[in-house]
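Peer 1: Sharing a structure with you now.
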Number of protein chains: 2
Amino acid sequence: MHPVDETMTAPPGRRQRARRGQGDRLREEILDATSALLLERGDHQAVDIRSVCQVVGITPPAVYLHFADKAALIQATCERHFRSLDDFVGAAVAGATDPMDELRCRGRAYVRFGIEHPEQYRILFMSRQAHGKEPPGGELLEACGFAALVDNVTRLVEAGAIGHHDPVLVATGLWTVVHGVTSLAISIPHYPVTGLDALLEHLLGTHMRGLAGP
Amino acid sequence: MHPVDETMTAPPGRRQRARRGQGDRLREEILDATSALLLERGDHQAVDIRSVCQVVGITPPAVYLHFADKAALIQATCERHFRSLDDFVGAAVAGATDPMDELRCRGRAYVRFGIEHPEQYRILFMSRQAHGKEPPGGELLEACGFAALVDNVTRLVEAGAIGHHDPVLVATGLWTVVHGVTSLAISIPHYPVTGLDALLEHLLGTHMRGLAGP
DNA sequence: GGTGTCAGCTTAACGACGTTAGGTTTGCCA
DNA sequence: TGGCAAACCTAACGTCGTTAAGCTGACACC
């Protein structure tokens, strides 16, 4: 005699408890559910703990066994999601003909990834205390492929394609530009009036020309 | 016989009701209180309606006679605050020697103003639905002095200092760059590693050089 | 096979917040 | 001097994040 018909669609209806050492499996399930709800509702304020729990099939306090609070949950969700940014940019850069072209591909891919995942981008790069006590060389920069960007710039400097600048400064400047585009595109409706692609190409072109100078 | 000693410090203790046609006066007082709390707590989520009411000396429902909801209140507070941006930039530009220098002053002033009022900047230019159904030529652009920026660029084009570009495109690009700096400076601790002034000058210099080209 | 233990949850509830329905006071005009 | 509407209050609802305290079932051990 079945106490409950378990042939139904999985989640709503009590989840079976994890095995002894498998407590961390729930953590991943919570992240999955949060990710889905974040995508569905497009706003982390609209994602509430109780909804997440309903999807997973647990009760609210169980969340706090794996995450300190809601902010930590949302943050972890976005960080996990953005680990794929590096791969995404890497794939976009694969067909680049030279370091200069590579840099442009990098910028285009970054902006595209950000715009395709606006809420995650907002939380990671536009929220208040996103990376409160992170050390200067924090993992956020790695998450957004900053090391690869610096490497790209360094190759350009060595090739003599751009003047003798500090690669870190140049890379930070480039990141700032593409972030500016991404950030405004996410937040401001009807931005830019002139068309996003046109603006991005204008910015990349202008910036590259400026870097090539003295 | 006094029901309550009204010689105390004004706010906590019932506010006297406004005159017949003066209901809008309360609106301004609510905005003042919200502004102060926003500055004090540095986070619009930490500013709650009840605290605002306590400062003003009213009860929560009175707020809803003047603002649709909390978001509208916060939004109105920031918009009112940012009306001074245009003046601030204008003052910074007053001593400029030529249109090119003026443009740099404009950029520096914009970044400075944003960083000095981070929470307001975040709400106005980095929040989700900040300007939901605004028409393309919305008032937000005016608030940030976009018209003056376009004018500045137009003068540069006419003077032959930069190539024959679309002034609106160039202005949008410049706005994007300074917004990128401001936005990251507000959100990311330890940004930029190379120093904020150095980065801003690098970006402005690079961009200007790029604009001067073909 | 029984039994103790502890990871892995649950039940129940607290306190704060945004918001609303409905009442009450007060200035002003006829 | 009434009446009316603007201006505000009282009281409460529902939701949310979060916590204290208890249950339960998988596993190690005898």
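A note on labels: chains of the structure tokens are A, B, ... as shown, every chain counts residues from 1, and ligands are counted from 1 in their shown order.
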Can you give chain A as an mmCIF file with C-alpha atoms, in the first residue's frame after you superpose it on chain B, pairing all C-alpha atoms in order for the least-squares fit?
Peer 2:
```cif
data_model
loop_
_atom_site.group_PDB
_atom_site.id
_atom_site.type_symbol
_atom_site.label_atom_id
_atom_site.label_comp_id
_atom_site.auth_asym_id
_atom_site.auth_seq_id
_atom_site.Cartn_x
_atom_site.Cartn_y
_atom_site.Cartn_z
ATOM 1 C CA MET A 1 -3.246 73.399 29.290
ATOM 2 C CA HIS A 2 -1.103 71.798 26.631
ATOM 3 C CA PRO A 3 -2.176 68.328 25.577
ATOM 4 C CA VAL A 4 1.394 67.627 24.495
ATOM 5 C CA ASP A 5 4.624 69.516 25.015
ATOM 6 C CA GLU A 6 5.380 70.818 21.518
ATOM 7 C CA THR A 7 8.658 72.488 22.482
ATOM 8 C CA MET A 8 10.541 69.274 21.855
ATOM 9 C CA THR A 9 12.535 68.549 18.728
ATOM 10 C CA ALA A 10 10.002 68.668 16.011
ATOM 11 C CA PRO A 11 9.358 65.366 14.254
ATOM 12 C CA PRO A 12 8.536 62.491 16.626
ATOM 13 C CA GLY A 13 5.248 63.555 18.134
ATOM 14 C CA ARG A 14 2.275 64.152 15.961
ATOM 15 C CA ARG A 15 2.690 66.449 12.999
ATOM 16 C CA GLN A 16 0.034 69.099 12.605
ATOM 17 C CA ARG A 17 -2.236 68.579 9.687
ATOM 18 C CA ALA A 18 -1.659 70.606 6.504
ATOM 19 C CA ARG A 19 -4.039 73.350 5.466
ATOM 20 C CA ARG A 20 -6.741 72.822 2.904
ATOM 21 C CA GLY A 21 -4.872 73.253 -0.369
ATOM 22 C CA GLN A 22 -1.476 72.390 1.102
ATOM 23 C CA GLY A 23 -1.623 68.634 0.865
ATOM 24 C CA ASP A 24 1.371 68.634 -1.444
ATOM 25 C CA ARG A 25 3.564 70.008 1.295
ATOM 26 C CA LEU A 26 3.554 66.569 2.919
ATOM 27 C CA ARG A 27 4.852 65.115 -0.319
ATOM 28 C CA GLU A 28 7.969 67.221 -0.065
ATOM 29 C CA GLU A 29 8.452 66.341 3.589
ATOM 30 C CA ILE A 30 8.205 62.649 2.760
ATOM 31 C CA LEU A 31 10.784 63.081 0.028
ATOM 32 C CA ASP A 32 13.090 64.930 2.420
ATOM 33 C CA ALA A 33 12.842 62.188 5.011
ATOM 34 C CA THR A 34 13.352 59.462 2.448
ATOM 35 C CA SER A 35 16.374 61.271 1.076
ATOM 36 C CA ALA A 36 17.913 61.550 4.527
ATOM 37 C CA LEU A 37 17.280 57.900 5.354
ATOM 38 C CA LEU A 38 18.646 56.818 1.997
ATOM 39 C CA LEU A 39 21.826 58.728 2.652
ATOM 40 C CA GLU A 40 22.053 57.401 6.200
ATOM 41 C CA ARG A 41 21.448 53.740 5.409
ATOM 42 C CA GLY A 42 22.920 53.657 1.925
ATOM 43 C CA ASP A 43 20.461 51.084 0.698
ATOM 44 C CA HIS A 44 16.910 51.538 -0.482
ATOM 45 C CA GLN A 45 15.981 48.128 0.853
ATOM 46 C CA ALA A 46 16.968 49.265 4.309
ATOM 47 C CA VAL A 47 14.720 52.302 4.038
ATOM 48 C CA ASP A 48 11.292 51.218 5.203
ATOM 49 C CA ILE A 49 8.063 53.138 5.033
ATOM 50 C CA ARG A 50 7.544 53.085 8.770
ATOM 51 C CA SER A 51 10.892 54.759 9.424
ATOM 52 C CA VAL A 52 10.125 57.448 6.897
ATOM 53 C CA CYS A 53 6.783 58.022 8.580
ATOM 54 C CA GLN A 54 8.368 58.259 11.995
ATOM 55 C CA VAL A 55 10.710 60.967 10.772
ATOM 56 C CA VAL A 56 7.913 62.947 9.159
ATOM 57 C CA GLY A 57 5.461 62.330 12.000
ATOM 58 C CA ILE A 58 2.731 60.573 10.063
ATOM 59 C CA THR A 59 1.403 57.040 9.661
ATOM 60 C CA PRO A 60 2.158 54.686 6.735
ATOM 61 C CA PRO A 61 -1.087 55.011 4.783
ATOM 62 C CA ALA A 62 -0.497 58.753 4.409
ATOM 63 C CA VAL A 63 2.423 57.982 2.142
ATOM 64 C CA TYR A 64 0.134 56.242 -0.314
ATOM 65 C CA LEU A 65 -1.851 59.426 -0.804
ATOM 66 C CA HIS A 66 1.192 60.873 -2.545
ATOM 67 C CA PHE A 67 3.040 57.870 -3.987
ATOM 68 C CA ALA A 68 1.696 54.764 -5.664
ATOM 69 C CA ASP A 69 4.072 52.443 -3.825
ATOM 70 C CA LYS A 70 7.495 52.307 -2.246
ATOM 71 C CA ALA A 71 9.275 52.031 -5.579
ATOM 72 C CA ALA A 72 7.642 55.244 -6.760
ATOM 73 C CA LEU A 73 8.712 56.990 -3.567
ATOM 74 C CA ILE A 74 12.327 55.906 -3.888
ATOM 75 C CA GLN A 75 12.317 56.704 -7.576
ATOM 76 C CA ALA A 76 10.923 60.192 -6.998
ATOM 77 C CA THR A 77 13.485 60.812 -4.281
ATOM 78 C CA CYS A 78 16.354 59.952 -6.590
ATOM 79 C CA GLU A 79 14.969 61.880 -9.518
ATOM 80 C CA ARG A 80 14.585 64.988 -7.412
ATOM 81 C CA HIS A 81 18.119 64.528 -6.182
ATOM 82 C CA PHE A 82 19.559 64.092 -9.622
ATOM 83 C CA ARG A 83 18.055 67.276 -10.956
ATOM 84 C CA SER A 84 21.141 68.898 -9.508
ATOM 85 C CA LEU A 85 23.438 66.812 -11.701
ATOM 86 C CA ASP A 86 22.970 69.145 -14.621
ATOM 87 C CA ASP A 87 23.896 72.137 -12.449
ATOM 88 C CA PHE A 88 26.858 70.298 -10.964
ATOM 89 C CA VAL A 89 28.283 69.397 -14.348
ATOM 90 C CA GLY A 90 27.530 72.880 -15.621
ATOM 91 C CA ALA A 91 29.540 74.433 -12.795
ATOM 92 C CA ALA A 92 32.443 72.061 -13.385
ATOM 93 C CA VAL A 93 32.448 72.969 -17.050
ATOM 94 C CA ALA A 94 32.417 76.718 -16.458
ATOM 95 C CA GLY A 95 36.185 77.099 -16.395
ATOM 96 C CA ALA A 96 36.855 74.982 -19.453
ATOM 97 C CA THR A 97 39.252 76.493 -21.976
ATOM 98 C CA ASP A 98 37.898 74.844 -25.136
ATOM 99 C CA PRO A 99 35.255 72.282 -26.190
ATOM 100 C CA MET A 100 37.719 69.404 -25.869
ATOM 101 C CA ASP A 101 38.658 70.396 -22.352
ATOM 102 C CA GLU A 102 34.989 70.969 -21.615
ATOM 103 C CA LEU A 103 34.211 67.397 -22.583
ATOM 104 C CA ARG A 104 36.825 66.054 -20.178
ATOM 105 C CA CYS A 105 35.536 68.247 -17.355
ATOM 106 C CA ARG A 106 32.062 66.995 -18.100
ATOM 107 C CA GLY A 107 33.161 63.397 -17.798
ATOM 108 C CA ARG A 108 35.080 63.960 -14.570
ATOM 109 C CA ALA A 109 32.163 65.804 -12.993
ATOM 110 C CA TYR A 110 29.701 63.090 -13.999
ATOM 111 C CA VAL A 111 31.779 60.334 -12.446
ATOM 112 C CA ARG A 112 32.372 62.341 -9.297
ATOM 113 C CA PHE A 113 28.703 63.134 -8.849
ATOM 114 C CA GLY A 114 27.753 59.514 -9.311
ATOM 115 C CA ILE A 115 30.298 58.250 -6.823
ATOM 116 C CA GLU A 116 29.289 60.854 -4.260
ATOM 117 C CA HIS A 117 25.663 59.728 -4.489
ATOM 118 C CA PRO A 118 26.024 56.011 -5.108
ATOM 119 C CA GLU A 119 22.635 54.745 -4.013
ATOM 120 C CA GLN A 120 20.764 57.366 -6.004
ATOM 121 C CA TYR A 121 22.933 56.653 -9.025
ATOM 122 C CA ARG A 122 22.292 52.972 -8.678
ATOM 123 C CA ILE A 123 18.560 53.409 -8.520
ATOM 124 C CA LEU A 124 18.390 55.810 -11.431
ATOM 125 C CA PHE A 125 20.832 54.201 -13.828
ATOM 126 C CA MET A 126 21.374 50.651 -12.642
ATOM 127 C CA SER A 127 18.051 49.362 -11.428
ATOM 128 C CA ARG A 128 15.669 47.073 -13.178
ATOM 129 C CA GLN A 129 12.476 48.831 -14.036
ATOM 130 C CA ALA A 130 13.727 52.307 -13.290
ATOM 131 C CA HIS A 131 12.173 53.810 -16.388
ATOM 132 C CA GLY A 132 9.668 51.246 -17.434
ATOM 133 C CA LYS A 133 7.524 52.806 -20.103
ATOM 134 C CA GLU A 134 9.481 55.873 -20.885
ATOM 135 C CA PRO A 135 9.468 57.102 -24.454
ATOM 136 C CA PRO A 136 12.793 56.897 -26.344
ATOM 137 C CA GLY A 137 13.632 60.560 -25.788
ATOM 138 C CA GLY A 138 12.878 60.239 -22.109
ATOM 139 C CA GLU A 139 13.557 62.645 -19.336
ATOM 140 C CA LEU A 140 16.240 60.467 -17.860
ATOM 141 C CA LEU A 141 18.651 61.508 -20.568
ATOM 142 C CA GLU A 142 17.862 65.135 -19.840
ATOM 143 C CA ALA A 143 18.424 64.531 -16.156
ATOM 144 C CA CYS A 144 21.948 63.376 -16.798
ATOM 145 C CA GLY A 145 22.690 66.334 -19.038
ATOM 146 C CA PHE A 146 22.612 64.420 -22.275
ATOM 147 C CA ALA A 147 21.425 67.376 -24.322
ATOM 148 C CA ALA A 148 24.358 69.473 -23.136
ATOM 149 C CA LEU A 149 26.668 66.597 -23.950
ATOM 150 C CA VAL A 150 25.330 66.328 -27.488
ATOM 151 C CA ASP A 151 25.757 70.078 -27.858
ATOM 152 C CA ASN A 152 29.341 69.802 -26.654
ATOM 153 C CA VAL A 153 30.073 67.066 -29.165
ATOM 154 C CA THR A 154 28.397 68.979 -31.975
ATOM 155 C CA ARG A 155 30.662 71.959 -31.316
ATOM 156 C CA LEU A 156 33.665 69.642 -31.494
ATOM 157 C CA VAL A 157 32.528 68.207 -34.812
ATOM 158 C CA GLU A 158 31.925 71.693 -36.222
ATOM 159 C CA ALA A 159 35.350 72.800 -35.024
ATOM 160 C CA GLY A 160 36.854 69.844 -36.825
ATOM 161 C CA ALA A 161 38.395 68.520 -33.637
ATOM 162 C CA ILE A 162 36.865 65.105 -34.152
ATOM 163 C CA GLY A 163 35.915 63.270 -37.329
ATOM 164 C CA HIS A 164 32.533 63.440 -38.991
ATOM 165 C CA HIS A 165 30.574 61.284 -36.651
ATOM 166 C CA ASP A 166 26.971 61.300 -35.605
ATOM 167 C CA PRO A 167 26.951 63.539 -32.499
ATOM 168 C CA VAL A 168 24.273 61.448 -30.816
ATOM 169 C CA LEU A 169 26.298 58.277 -31.337
ATOM 170 C CA VAL A 170 29.449 59.913 -30.020
ATOM 171 C CA ALA A 171 27.614 61.367 -27.036
ATOM 172 C CA THR A 172 26.063 57.998 -26.237
ATOM 173 C CA GLY A 173 29.508 56.434 -26.418
ATOM 174 C CA LEU A 174 30.960 58.995 -24.051
ATOM 175 C CA TRP A 175 28.094 58.553 -21.637
ATOM 176 C CA THR A 176 28.633 54.805 -21.798
ATOM 177 C CA VAL A 177 32.301 55.185 -20.895
ATOM 178 C CA VAL A 178 31.776 57.455 -17.895
ATOM 179 C CA HIS A 179 28.851 55.339 -16.780
ATOM 180 C CA GLY A 180 31.057 52.277 -16.977
ATOM 181 C CA VAL A 181 33.567 53.864 -14.629
ATOM 182 C CA THR A 182 30.921 55.159 -12.249
ATOM 183 C CA SER A 183 28.970 51.943 -12.232
ATOM 184 C CA LEU A 184 31.933 49.691 -11.497
ATOM 185 C CA ALA A 185 33.354 52.106 -8.946
ATOM 186 C CA ILE A 186 30.067 51.963 -7.069
ATOM 187 C CA SER A 187 29.612 48.210 -7.207
ATOM 188 C CA ILE A 188 33.003 46.572 -7.169
ATOM 189 C CA PRO A 189 35.274 47.014 -4.153
ATOM 190 C CA HIS A 190 38.909 47.710 -4.950
ATOM 191 C CA TYR A 191 38.031 48.824 -8.470
ATOM 192 C CA PRO A 192 40.104 49.796 -10.217
ATOM 193 C CA VAL A 193 43.373 48.342 -9.019
ATOM 194 C CA THR A 194 45.235 51.008 -10.953
ATOM 195 C CA GLY A 195 43.491 53.928 -9.260
ATOM 196 C CA LEU A 196 40.278 55.622 -10.280
ATOM 197 C CA ASP A 197 41.712 58.908 -11.509
ATOM 198 C CA ALA A 198 44.383 57.175 -13.559
ATOM 199 C CA LEU A 199 41.789 54.946 -15.175
ATOM 200 C CA LEU A 200 39.425 57.787 -15.941
ATOM 201 C CA GLU A 201 42.178 59.875 -17.517
ATOM 202 C CA HIS A 202 43.373 56.867 -19.482
ATOM 203 C CA LEU A 203 39.855 56.237 -20.767
ATOM 204 C CA LEU A 204 39.126 59.862 -21.618
ATOM 205 C CA GLY A 205 42.512 60.248 -23.300
ATOM 206 C CA THR A 206 42.205 57.044 -25.293
ATOM 207 C CA HIS A 207 38.667 57.800 -26.348
ATOM 208 C CA MET A 208 39.446 61.358 -27.430
ATOM 209 C CA ARG A 209 42.416 60.192 -29.440
ATOM 210 C CA GLY A 210 40.229 57.588 -31.074
ATOM 211 C CA LEU A 211 37.584 60.159 -31.937
ATOM 212 C CA ALA A 212 40.152 62.463 -33.502
ATOM 213 C CA GLY A 213 41.135 59.747 -35.985
ATOM 214 C CA PRO A 214 39.305 58.838 -39.213
#
```
Peer 1: Go ahead and compute the interatomic distance for C1' of DA12 (chain C) and C1' of DG14 (chain D), in Å to one decimal.
Peer 2: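 Rounded to one decimal, the two atoms are 17.6 Å apart.
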Peer 1: Give me, as a Markdown table, the closest atom pair and its distance (Å, one decimal) for every residue of chain D within a cut-off of 8 Å of chain A, counting only C-alpha atoms (C1' of nucleotides), rows sorted by chain and rising number.
Peer 2:
```
| residue | atom | partner | partner_atom | distance |
| --- | --- | --- | --- | --- |
| D:DC16 | C1' | A:Asp48 | CA | 7.5 |
| D:DG17 | C1' | A:Lys70 | CA | 7.7 |
| D:DA26 | C1' | A:Arg20 | CA | 6.4 |
| D:DC27 | C1' | A:Arg20 | CA | 7.5 |
```
Peer 1: Return as a PyMOL selection string the full set of residues in region 2-214 of chain B whose backbone-based DSSP assignment is helix (DSSP H, G or I).
Peer 2: chain B and resi 23-41+49-56+60-63+70-93+99-116+118-125+139-143+146-158+167-187+196-212
Peer 1: Which residues of chain C are close to chain A, meaning at most 9 Å apart when you count only C-alpha atoms (C1' of nucleotides), and how do they look as a list in words?
Peer 2: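 On the chain C side, the interface is DA7, DG8, DC9 and DT10 of chain C.
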Peer 1: Keeping only C-alpha atoms (C1' of nucleotides), write the selected residues to a file as a PDB file, in the first residue's frame.
Peer 2:
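Final file, part-v6.pdb:
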```pdb
ATOM      1  C1'  DA C   7      23.033  14.114   9.763  1.00  0.00           C
ATOM      2  C1'  DG C   8      19.080  15.682   7.494  1.00  0.00           C
ATOM      3  C1'  DC C   9      15.317  17.350   7.643  1.00  0.00           C
ATOM      4  C1'  DT C  10      10.332  19.278   9.658  1.00  0.00           C
TER       5       DT C  10
END
```
Peer 1: If you take only C-alpha atoms (C1' of nucleotides) and a cut-off of 9 Å, which residues of chain D touch region 19-29 of chain C, and what are their nearest atom pairs and distances in Å to one decimal, in chain and number order, as a tab-separated table?
Peer 2:
```
residue	atom	partner	partner_atom	distance
D:DA6	C1'	C:DG27	C1'	8.8
D:DA7	C1'	C:DT26	C1'	8.3
D:DC8	C1'	C:DT25	C1'	7.9
D:DC9	C1'	C:DT24	C1'	7.2
D:DT10	C1'	C:DG23	C1'	7.7
D:DA12	C1'	C:DT20	C1'	8.9
D:DC13	C1'	C:DT20	C1'	8.1
```
Peer 1: Using only C-alpha atoms (C1' of nucleotides), which of D:DT15, D:DG22, D:DT1, D:DA28 sits nearest DA16 (chain C)?
Peer 2: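 Looking only at the distances to DA16 (chain C), the closest residue turns out to be D:DT15.
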Peer 1: Select, from C:DC6, C:DG1, C:DA30, C:DA13, the residue with the minimum atom-to-atom distance to DT18 (chain D), counting only C-alpha atoms (C1' of nucleotides).
Peer 2: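 Of all the options, C:DA13 lies closest to DT18 (chain D).
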Peer 1: Do you have the C1' of DC17 (chain C)-C1' of DA21 (chain D) distance handy?
Peer 2: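 According to the coordinates, C1' of DC17 (chain C) and C1' of DA21 (chain D) are separated by 25.7 Å.
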Peer 1: Record the distance separating C1' of DC23 (chain D) and C1' of DG4 (chain C), expressed in Å with one decimal.
Peer 2: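 Distance between the two atoms: 15.7 Å.
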